[in-house]
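Student: My structure is below; once you've seen it, I'll send some questions.
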There are 2 protein chains.
Amino acid sequence: MYNISEWDHAFKLDPNKTITNEDLRRICMSGTDAIIVGGTDGVTFENVTDLQERIESYDVRCVLEVSDLEAIAPGFDAYFIPLVLNSGEKKWMIDVQHQAIREYADVINWEDMAAEGYCVLNPEAKVFKKTTCTLPSETDVVAYAQMAEHIFRLPVFYMEYSGTYGNPALVQSVASQLDKTTLVYGGGIRSKSQAQEMAAYADVIVVGDVIYDHLETALQTVEAVKSTKMKDGGPS
Amino acid sequence: MYNISEWDHAFKLDPNKTITNEDLRRICMSGTDAIIVGGTDGVTFENVTDLQERIESYDVRCVLEVSDLEAIAPGFDAYFIPLVLNSGEKKWMIDVQHQAIREYADVINWEDMAAEGYCVLNPEAKVFKKTTCTLPSETDVVAYAQMAEHIFRLPVFYMEYSGTYGNPALVQSVASQLDKTTLVYGGGIRSKSQAQEMAAYADVIVVGDVIYDHLETALQTVEAVKSTKMKDGGPS
């Protein structure tokens with residue numbers, strides 16, 4: 001079981017990027033709650049499987065964020081299914097997921113699957129363009145969060161700033177609306193203090209790009225997030 | 001609370017159609033589990049409010065199925081929000097609902113609201129055309145039901161044959177996939193035996209059009225459904 005409601009921190013590894021064995025070892029041994037394998041382009045069955053096989057020797061939870069039907073590989077502890085709430089196309093909200101379920105329903109263990117309601121908030125991000133998103137106003141974002149919790153009853157609402165640091169005040173507003181749905185923040189975290197700032201509001205902080213640029217900083221975010229959560233009264 | 005998981009039978013009244021006080025009294029006193037107020041076109045704040053006021057003097061649960069932002073009236077016991085899973089447009093899956101939540105979040109009592117995952121299965125139906133649906137294959141329908149239960153965790157999956165009688169074998173297949181999500185069947189029920197046939201598989205049978213054509217038949221469906229459910233081992 002993936003139990004995302006109990007996580008504080010996750011690393012996101014892009015199967016289309018290169019990471020040395022030593023760096024991967026340090027990420028897996030960092031004390032993070034999970035490794036999420038996922039990316040926007042160049043994700044293939046081969047590079048997903050390769051990364052999964054390298055990670056599975058470590059005692060760390062490893063989740064595949066499914067972005068491409070062709071790149072669904074076995075062996076992960078859980079599978080996250082992104083639904084892009086602010087996409088302009090129904091395709092990214094239900095159709096690609098519908099097709100995946102048609103194809104794989106017989107082998108899916110539903111307990112190990114979770115839908116993530118994505119709100120993509122950086123207009124320059126590849127995923128924003130790929131899924132033809134429109135930039136929501138702050139009121140829109142809060143209403144998407146309310147839909148995620150009350151209409152779709154999704155386990156995860158994911159504020160994705162992909163590559164740029166987000167607006168803590170908006171993360172705080174969204175956090176105040178969510179009770180059962182876990183709030184995940186991702187995007188642009190490049191320092192301990194940024195990780196701590198977002199960890200004050202979001203339930204789970206996802207750290208990605210900085211792994212490939214400044215591994216030491218990436219590793220420091222684990223402790224930064226965990227200590228912030230402890231100050232807030234223990235794991236959310 | 002609306003507790004649709006405990007219902008067996010509901011009548012659907014169209015605010016754009018005329019019903020005499022005597023016929024309305026008999027519908028409300030019929031022993032049905034709920035009256036759903038909803039329609040595809042000509043639904044206005046005025047005719048919704050008018051019908052709600054006529055129903056509220058009876059001791060029967062009354063739910064508004066929200067089809068138009070302009071026609072959301074207060075006073076109902078619950079509000080159902082349809083999401084059209086097989087619509088070709090994202091608009092009918094999330095956008096109109098998002099707009100409604102933006103506008104009404106402050107006054108919404110989330111406990112009294114439920115999202116219905118609609119699968120519209122009659123290509124001749126007005127709602128099929130209005131929401132630019134495509135006709136799903138049987139495999140598609142089953143996968144939509146699995147999404148309703150496992151991805152969106154919707155309280156209701158609604159097989160809507162709107163005006164035509166559906167395929168009992170498909171209703172049975174879908175029923176076998178659903179556990180937490182309540183399966184609602186609606187469309188073309190014009191006899192006791194049809195009501196019984198669908199009640200063997202669906203959790204809730206909705207009876208609509210026949211109210212306006214053959215009231216006696218409509219009234220008989222209540223007992224027909226309830227007795228079928230009793231044979232199956234009590235209320236679902």
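Each chain in the structure tokens gets a letter, A, B and so on, in the order shown; residues start at 1 in every chain, and ligands are counted from 1 in the order they appear.
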With a distance cut-off of 8 Å and only C-alpha atoms, select the neighbouring residues of region 199-214 of chain A, excluding the residue or stretch itself and same-chain residues fewer than 4 positions from it, and output the selection as a PyMOL selection string.
Tutor: chain A and resi 5+7-13+19+163+168+171-172+175+182-190+195+218-219+221+225+228-229+232+236
Student: Please report as a tab-separated table every residue of chain A lying within 8 Å of chain B, along with the nearest atom pair and their distance in Å (one decimal), using only C-alpha atoms.
Tutor:
```
residue	atom	partner	partner_atom	distance
A:Leu85	CA	B:Ile94	CA	7.8
A:Gly88	CA	B:Lys90	CA	7.2
A:Glu89	CA	B:Lys90	CA	5.9
A:Lys90	CA	B:Lys90	CA	4.2
A:Lys91	CA	B:Lys90	CA	8.0
A:Met93	CA	B:Lys90	CA	7.6
A:Ile94	CA	B:Leu85	CA	7.8
A:His98	CA	B:Ala143	CA	6.4
A:Ile101	CA	B:Ala143	CA	6.0
A:Arg102	CA	B:Ala143	CA	5.4
A:Ala105	CA	B:Ala143	CA	7.7
A:Trp110	CA	B:His150	CA	6.7
A:Ala114	CA	B:Ile151	CA	6.9
A:Ala115	CA	B:Ile151	CA	5.6
A:Thr139	CA	B:Arg102	CA	6.9
A:Asp140	CA	B:Arg102	CA	6.7
A:Ala143	CA	B:Arg102	CA	5.4
A:Tyr144	CA	B:His98	CA	6.7
A:Gln146	CA	B:Ile101	CA	7.8
A:Met147	CA	B:His98	CA	7.1
A:His150	CA	B:Trp110	CA	6.7
A:Ile151	CA	B:Ala115	CA	5.6
A:Phe152	CA	B:Phe152	CA	4.7
A:Arg153	CA	B:Arg153	CA	5.9
A:Leu154	CA	B:Phe152	CA	6.2
```
Student: Using only C-alpha atoms, which protein or nucleic acid residues come within 7 Å of Val127 (chain A)? Drop anything in the same chain fewer than 3 positions from it, and give the result as a CSV table (one decimal) with all heavy atoms, in the first residue's frame.
Tutor:
```
chain,number,residue,atom,x,y,z
A,40,THR,N,7.9,14.0,-18.3
A,40,THR,CA,6.9,14.5,-19.3
A,40,THR,C,7.2,13.9,-20.7
A,40,THR,O,6.3,13.5,-21.4
A,40,THR,CB,6.9,16.0,-19.3
A,40,THR,OG1,6.6,16.5,-18.0
A,40,THR,CG2,5.9,16.5,-20.3
A,130,LYS,N,2.1,20.5,-23.2
A,130,LYS,CA,1.7,19.2,-23.7
A,130,LYS,C,0.2,18.9,-23.5
A,130,LYS,O,-0.5,18.3,-24.3
A,130,LYS,CB,2.6,18.1,-23.0
A,130,LYS,CG,2.3,16.7,-23.5
A,130,LYS,CD,3.2,15.6,-22.9
A,130,LYS,CE,2.8,14.2,-23.3
A,130,LYS,NZ,3.5,13.2,-22.6
A,131,THR,N,-0.3,19.2,-22.3
A,131,THR,CA,-1.7,18.9,-22.0
A,131,THR,C,-2.6,20.1,-22.2
A,131,THR,O,-3.7,20.2,-21.7
A,131,THR,CB,-1.8,18.4,-20.5
A,131,THR,OG1,-1.4,19.4,-19.6
A,131,THR,CG2,-0.9,17.2,-20.3
```
Student: When DSSP works through the backbone of this structure, what residues of region 174-222 of chain A end up as alpha helix (DSSP H), shown as a list in words?
Tutor: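 Reading the DSSP output for region 174-222 of chain A, alpha helix (DSSP H) covers Val174, Ala175, Ser176, Gln177, Lys192, Ser193, Gln194, Ala195, Gln196, Glu197, Met198, Ala199, Val210, Ile211, Tyr212, Asp213, Leu215, Glu216, Thr217, Ala218, Leu219, Gln220, Thr221 and Val222 of chain A.
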Student: How far is it from CA of Lys231 (chain A) to CA of Asp23 (chain A), in Å with one decimal?
Tutor: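 Value for the CA of Lys231 (chain A)-CA of Asp23 (chain A) distance: 29.2 Å.
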Student: Determine, counting only C-alpha atoms, which protein, DNA and RNA residues have an atom within 7 Å of an atom of Leu121 (chain A); residues of the same chain fewer than 3 positions away are not included. Present the result as a list in words.
Tutor: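 Near Leu121 (chain A), the qualifying residues are Leu135, Glu160 and Tyr161 of chain A.
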Student: Save out the residues we just selected, C-alpha atoms, as a PDB file, in the first residue's frame.
Tutor:
```pdb
ATOM      1  CA  LEU A 135      -3.579  29.111 -16.207  1.00  0.00           C
ATOM      2  CA  GLU A 160       2.620  21.363  -9.935  1.00  0.00           C
ATOM      3  CA  TYR A 161       4.839  24.364 -10.548  1.00  0.00           C
TER       4      TYR A 161
END
```
Student: Neighbouring residues of Asn21 (chain A) were defined as those with any atom within 12 Å, considering only C-alpha atoms; residues of the same chain fewer than 3 positions away were excluded. Please report them as a PDB file with all heavy atoms, in the first residue's frame.
Tutor:
```
ATOM      1  N   THR A  18      19.890  11.016 -16.645  1.00  0.00           N
ATOM      2  CA  THR A  18      20.944  10.101 -16.199  1.00  0.00           C
ATOM      3  C   THR A  18      21.289  10.372 -14.742  1.00  0.00           C
ATOM      4  O   THR A  18      21.409  11.530 -14.331  1.00  0.00           O
ATOM      5  CB  THR A  18      22.206  10.316 -17.061  1.00  0.00           C
ATOM      6  OG1 THR A  18      21.830  10.117 -18.423  1.00  0.00           O
ATOM      7  CG2 THR A  18      23.295   9.342 -16.677  1.00  0.00           C
ATOM      8  N   LEU A  24      22.239   7.739  -7.044  1.00  0.00           N
ATOM      9  CA  LEU A  24      20.975   7.024  -6.834  1.00  0.00           C
ATOM     10  C   LEU A  24      20.944   6.368  -5.454  1.00  0.00           C
ATOM     11  O   LEU A  24      19.930   6.405  -4.751  1.00  0.00           O
ATOM     12  CB  LEU A  24      20.771   5.965  -7.924  1.00  0.00           C
ATOM     13  CG  LEU A  24      19.409   5.240  -7.875  1.00  0.00           C
ATOM     14  CD1 LEU A  24      18.258   6.204  -8.139  1.00  0.00           C
ATOM     15  CD2 LEU A  24      19.365   4.099  -8.884  1.00  0.00           C
ATOM     16  N   ARG A  25      22.087   5.803  -5.075  1.00  0.00           N
ATOM     17  CA  ARG A  25      22.168   5.182  -3.753  1.00  0.00           C
ATOM     18  C   ARG A  25      21.872   6.217  -2.671  1.00  0.00           C
ATOM     19  O   ARG A  25      21.098   5.965  -1.743  1.00  0.00           O
ATOM     20  CB  ARG A  25      23.574   4.592  -3.539  1.00  0.00           C
ATOM     21  CG  ARG A  25      23.717   3.773  -2.241  1.00  0.00           C
ATOM     22  CD  ARG A  25      25.168   3.378  -1.946  1.00  0.00           C
ATOM     23  NE  ARG A  25      26.014   4.545  -1.642  1.00  0.00           N
ATOM     24  CZ  ARG A  25      26.021   5.200  -0.463  1.00  0.00           C
ATOM     25  NH1 ARG A  25      25.239   4.808   0.522  1.00  0.00           N
ATOM     26  NH2 ARG A  25      26.801   6.251  -0.290  1.00  0.00           N
ATOM     27  N   ARG A  26      22.475   7.391  -2.806  1.00  0.00           N
ATOM     28  CA  ARG A  26      22.275   8.416  -1.768  1.00  0.00           C
ATOM     29  C   ARG A  26      20.819   8.894  -1.726  1.00  0.00           C
ATOM     30  O   ARG A  26      20.284   9.178  -0.648  1.00  0.00           O
ATOM     31  CB  ARG A  26      23.243   9.589  -1.997  1.00  0.00           C
ATOM     32  CG  ARG A  26      24.709   9.138  -1.826  1.00  0.00           C
ATOM     33  CD  ARG A  26      25.658  10.299  -1.937  1.00  0.00           C
ATOM     34  NE  ARG A  26      25.540  11.217  -0.788  1.00  0.00           N
ATOM     35  CZ  ARG A  26      26.048  12.438  -0.779  1.00  0.00           C
ATOM     36  NH1 ARG A  26      26.685  12.918  -1.847  1.00  0.00           N
ATOM     37  NH2 ARG A  26      25.918  13.205   0.282  1.00  0.00           N
ATOM     38  N   ILE A  27      20.183   8.993  -2.871  1.00  0.00           N
ATOM     39  CA  ILE A  27      18.758   9.377  -2.917  1.00  0.00           C
ATOM     40  C   ILE A  27      17.902   8.307  -2.232  1.00  0.00           C
ATOM     41  O   ILE A  27      17.038   8.607  -1.402  1.00  0.00           O
ATOM     42  CB  ILE A  27      18.304   9.577  -4.393  1.00  0.00           C
ATOM     43  CG1 ILE A  27      18.922  10.846  -4.983  1.00  0.00           C
ATOM     44  CG2 ILE A  27      16.786   9.592  -4.525  1.00  0.00           C
ATOM     45  CD1 ILE A  27      18.394  12.143  -4.384  1.00  0.00           C
ATOM     46  N   CYS A  28      18.170   7.060  -2.565  1.00  0.00           N
ATOM     47  CA  CYS A  28      17.359   5.967  -2.015  1.00  0.00           C
ATOM     48  C   CYS A  28      17.564   5.788  -0.512  1.00  0.00           C
ATOM     49  O   CYS A  28      16.665   5.341   0.196  1.00  0.00           O
ATOM     50  CB  CYS A  28      17.668   4.650  -2.742  1.00  0.00           C
ATOM     51  SG  CYS A  28      17.092   4.638  -4.456  1.00  0.00           S
ATOM     52  N   LEU A  51      15.309   1.997 -14.548  1.00  0.00           N
ATOM     53  CA  LEU A  51      15.377   2.753 -13.290  1.00  0.00           C
ATOM     54  C   LEU A  51      14.753   1.960 -12.144  1.00  0.00           C
ATOM     55  O   LEU A  51      15.298   1.899 -11.035  1.00  0.00           O
ATOM     56  CB  LEU A  51      14.691   4.112 -13.484  1.00  0.00           C
ATOM     57  CG  LEU A  51      14.862   5.157 -12.387  1.00  0.00           C
ATOM     58  CD1 LEU A  51      16.330   5.394 -12.037  1.00  0.00           C
ATOM     59  CD2 LEU A  51      14.209   6.486 -12.818  1.00  0.00           C
ATOM     60  N   GLU A  53      14.544  -1.218 -11.787  1.00  0.00           N
ATOM     61  CA  GLU A  53      15.443  -2.315 -11.386  1.00  0.00           C
ATOM     62  C   GLU A  53      16.621  -1.819 -10.551  1.00  0.00           C
ATOM     63  O   GLU A  53      17.085  -2.501  -9.642  1.00  0.00           O
ATOM     64  CB  GLU A  53      15.933  -3.083 -12.619  1.00  0.00           C
ATOM     65  CG  GLU A  53      14.828  -3.959 -13.194  1.00  0.00           C
ATOM     66  CD  GLU A  53      15.177  -4.573 -14.552  1.00  0.00           C
ATOM     67  OE1 GLU A  53      16.263  -4.251 -15.085  1.00  0.00           O
ATOM     68  OE2 GLU A  53      14.357  -5.348 -15.076  1.00  0.00           O
ATOM     69  N   ARG A  54      17.074  -0.613 -10.847  1.00  0.00           N
ATOM     70  CA  ARG A  54      18.182  -0.056 -10.067  1.00  0.00           C
ATOM     71  C   ARG A  54      17.720   0.365  -8.676  1.00  0.00           C
ATOM     72  O   ARG A  54      18.490   0.338  -7.718  1.00  0.00           O
ATOM     73  CB  ARG A  54      18.799   1.132 -10.797  1.00  0.00           C
ATOM     74  CG  ARG A  54      19.535   0.736 -12.093  1.00  0.00           C
ATOM     75  CD  ARG A  54      19.951   1.961 -12.889  1.00  0.00           C
ATOM     76  NE  ARG A  54      20.951   2.754 -12.200  1.00  0.00           N
ATOM     77  CZ  ARG A  54      21.187   4.044 -12.477  1.00  0.00           C
ATOM     78  NH1 ARG A  54      20.487   4.676 -13.412  1.00  0.00           N
ATOM     79  NH2 ARG A  54      22.110   4.706 -11.809  1.00  0.00           N
ATOM     80  N   ILE A  55      16.454   0.799  -8.590  1.00  0.00           N
ATOM     81  CA  ILE A  55      15.937   1.268  -7.290  1.00  0.00           C
ATOM     82  C   ILE A  55      15.526   0.102  -6.398  1.00  0.00           C
ATOM     83  O   ILE A  55      15.645   0.171  -5.174  1.00  0.00           O
ATOM     84  CB  ILE A  55      14.740   2.234  -7.491  1.00  0.00           C
ATOM     85  CG1 ILE A  55      15.200   3.505  -8.213  1.00  0.00           C
ATOM     86  CG2 ILE A  55      14.065   2.574  -6.165  1.00  0.00           C
ATOM     87  CD1 ILE A  55      14.071   4.391  -8.713  1.00  0.00           C
ATOM     88  N   SER A  57      16.667  -2.585  -5.396  1.00  0.00           N
ATOM     89  CA  SER A  57      17.571  -3.216  -4.435  1.00  0.00           C
ATOM     90  C   SER A  57      17.616  -2.439  -3.116  1.00  0.00           C
ATOM     91  O   SER A  57      18.124  -2.940  -2.116  1.00  0.00           O
ATOM     92  CB  SER A  57      18.976  -3.330  -5.036  1.00  0.00           C
ATOM     93  OG  SER A  57      19.422  -2.061  -5.437  1.00  0.00           O
ATOM     94  N   TYR A  58      17.096  -1.220  -3.124  1.00  0.00           N
ATOM     95  CA  TYR A  58      17.071  -0.429  -1.884  1.00  0.00           C
ATOM     96  C   TYR A  58      15.720  -0.596  -1.182  1.00  0.00           C
ATOM     97  O   TYR A  58      14.697  -0.865  -1.818  1.00  0.00           O
ATOM     98  CB  TYR A  58      17.313   1.061  -2.181  1.00  0.00           C
ATOM     99  CG  TYR A  58      18.664   1.294  -2.816  1.00  0.00           C
ATOM    100  CD1 TYR A  58      18.785   1.431  -4.193  1.00  0.00           C
ATOM    101  CD2 TYR A  58      19.818   1.339  -2.035  1.00  0.00           C
ATOM    102  CE1 TYR A  58      20.024   1.623  -4.788  1.00  0.00           C
ATOM    103  CE2 TYR A  58      21.062   1.522  -2.623  1.00  0.00           C
ATOM    104  CZ  TYR A  58      21.158   1.664  -3.992  1.00  0.00           C
ATOM    105  OH  TYR A  58      22.380   1.842  -4.570  1.00  0.00           O
TER     106      TYR A  58
END
```
Student: I need the residues in region 53-219 of chain B that are strand (DSSP E or B) according to DSSP; give them as JSON, numbers by chain.
Tutor: {"B": [62, 63, 64, 65, 78, 79, 80, 81, 82, 83, 84, 87, 113, 114, 115, 116, 117, 118, 119, 120, 133, 156, 157, 158, 159, 160, 182, 183, 184, 185, 186, 204, 205, 206, 207]}
Student: Mind dumping the selected residues with C-alpha atoms as a PDB file, in the first residue's frame?
Tutor:
```pdb
ATOM      1  CA  CYS B  62     -36.333  15.440  -2.843  1.00  0.00           C
ATOM      2  CA  VAL B  63     -33.086  15.866  -4.744  1.00  0.00           C
ATOM      3  CA  LEU B  64     -32.123  18.352  -7.439  1.00  0.00           C
ATOM      4  CA  GLU B  65     -30.033  17.011 -10.278  1.00  0.00           C
ATOM      5  CA  ALA B  78     -29.544  16.971  -1.652  1.00  0.00           C
ATOM      6  CA  TYR B  79     -27.908  18.065  -4.889  1.00  0.00           C
ATOM      7  CA  PHE B  80     -26.628  15.645  -7.496  1.00  0.00           C
ATOM      8  CA  ILE B  81     -23.929  16.811  -9.874  1.00  0.00           C
ATOM      9  CA  PRO B  82     -23.800  14.842 -13.129  1.00  0.00           C
ATOM     10  CA  LEU B  83     -20.425  14.277 -14.775  1.00  0.00           C
ATOM     11  CA  VAL B  84     -20.827  12.896 -18.290  1.00  0.00           C
ATOM     12  CA  SER B  87     -19.043  13.172 -23.372  1.00  0.00           C
ATOM     13  CA  MET B 113     -23.860  16.864  -2.527  1.00  0.00           C
ATOM     14  CA  ALA B 114     -23.018  13.844  -4.643  1.00  0.00           C
ATOM     15  CA  ALA B 115     -21.357  13.494  -8.004  1.00  0.00           C
ATOM     16  CA  GLU B 116     -22.924  11.065 -10.461  1.00  0.00           C
ATOM     17  CA  GLY B 117     -20.753   9.502 -13.143  1.00  0.00           C
ATOM     18  CA  TYR B 118     -23.112   9.346 -16.111  1.00  0.00           C
ATOM     19  CA  CYS B 119     -22.687   6.987 -18.997  1.00  0.00           C
ATOM     20  CA  VAL B 120     -25.237   7.999 -21.643  1.00  0.00           C
ATOM     21  CA  CYS B 133     -21.391  11.929 -26.314  1.00  0.00           C
ATOM     22  CA  VAL B 156     -22.957   6.971  -8.174  1.00  0.00           C
ATOM     23  CA  PHE B 157     -22.454   5.361 -11.592  1.00  0.00           C
ATOM     24  CA  TYR B 158     -25.530   6.126 -13.688  1.00  0.00           C
ATOM     25  CA  MET B 159     -26.355   4.055 -16.790  1.00  0.00           C
ATOM     26  CA  GLU B 160     -28.654   6.420 -18.637  1.00  0.00           C
ATOM     27  CA  THR B 182     -23.985   2.721  -6.301  1.00  0.00           C
ATOM     28  CA  LEU B 183     -25.249   1.590  -9.719  1.00  0.00           C
ATOM     29  CA  VAL B 184     -28.246   3.586 -10.925  1.00  0.00           C
ATOM     30  CA  TYR B 185     -30.242   2.505 -13.956  1.00  0.00           C
ATOM     31  CA  GLY B 186     -32.496   4.918 -15.821  1.00  0.00           C
ATOM     32  CA  VAL B 204     -31.392   1.918  -7.857  1.00  0.00           C
ATOM     33  CA  ILE B 205     -34.031   2.080 -10.592  1.00  0.00           C
ATOM     34  CA  VAL B 206     -35.085   5.522 -11.796  1.00  0.00           C
ATOM     35  CA  VAL B 207     -38.503   5.836 -13.417  1.00  0.00           C
TER      36      VAL B 207
END
```
Student: For Ala73 (chain B), work out the shell of residues within 9 Å, counting only C-alpha atoms and skipping chain neighbours fewer than 3 positions away, then give it as a PDB file with C-alpha atoms, in the first residue's frame.
Tutor:
```
ATOM      1  CA  PHE B  45     -34.989  28.575 -11.675  1.00  0.00           C
ATOM      2  CA  GLU B  46     -38.739  29.246 -11.751  1.00  0.00           C
ATOM      3  CA  VAL B  48     -37.476  24.077 -10.440  1.00  0.00           C
ATOM      4  CA  THR B  49     -38.555  26.201  -7.481  1.00  0.00           C
ATOM      5  CA  GLN B  52     -39.766  21.872  -5.231  1.00  0.00           C
ATOM      6  CA  LEU B  64     -32.123  18.352  -7.439  1.00  0.00           C
ATOM      7  CA  GLU B  70     -29.079  29.266 -13.526  1.00  0.00           C
ATOM      8  CA  PHE B  76     -33.673  20.437  -1.667  1.00  0.00           C
TER       9      PHE B  76
END
```
Student: Expressed in Å to a single decimal, how great is the separation between CA of Ser227 (chain B) and CA of Val60 (chain B)?
Tutor: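 Between these atoms lies a distance of 19.7 Å.
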Student: Provide the CA of Val222 (chain B) to CA of Glu6 (chain B) distance in Å, to one decimal place.
Tutor: 14.6 Å
Student: At a cut-off of 9 Å, using only C-alpha atoms, what residues contact Glu124 (chain B)? Leave out same-chain residues fewer than 5 positions from it and give the result as a count of residues only.
Tutor: 4
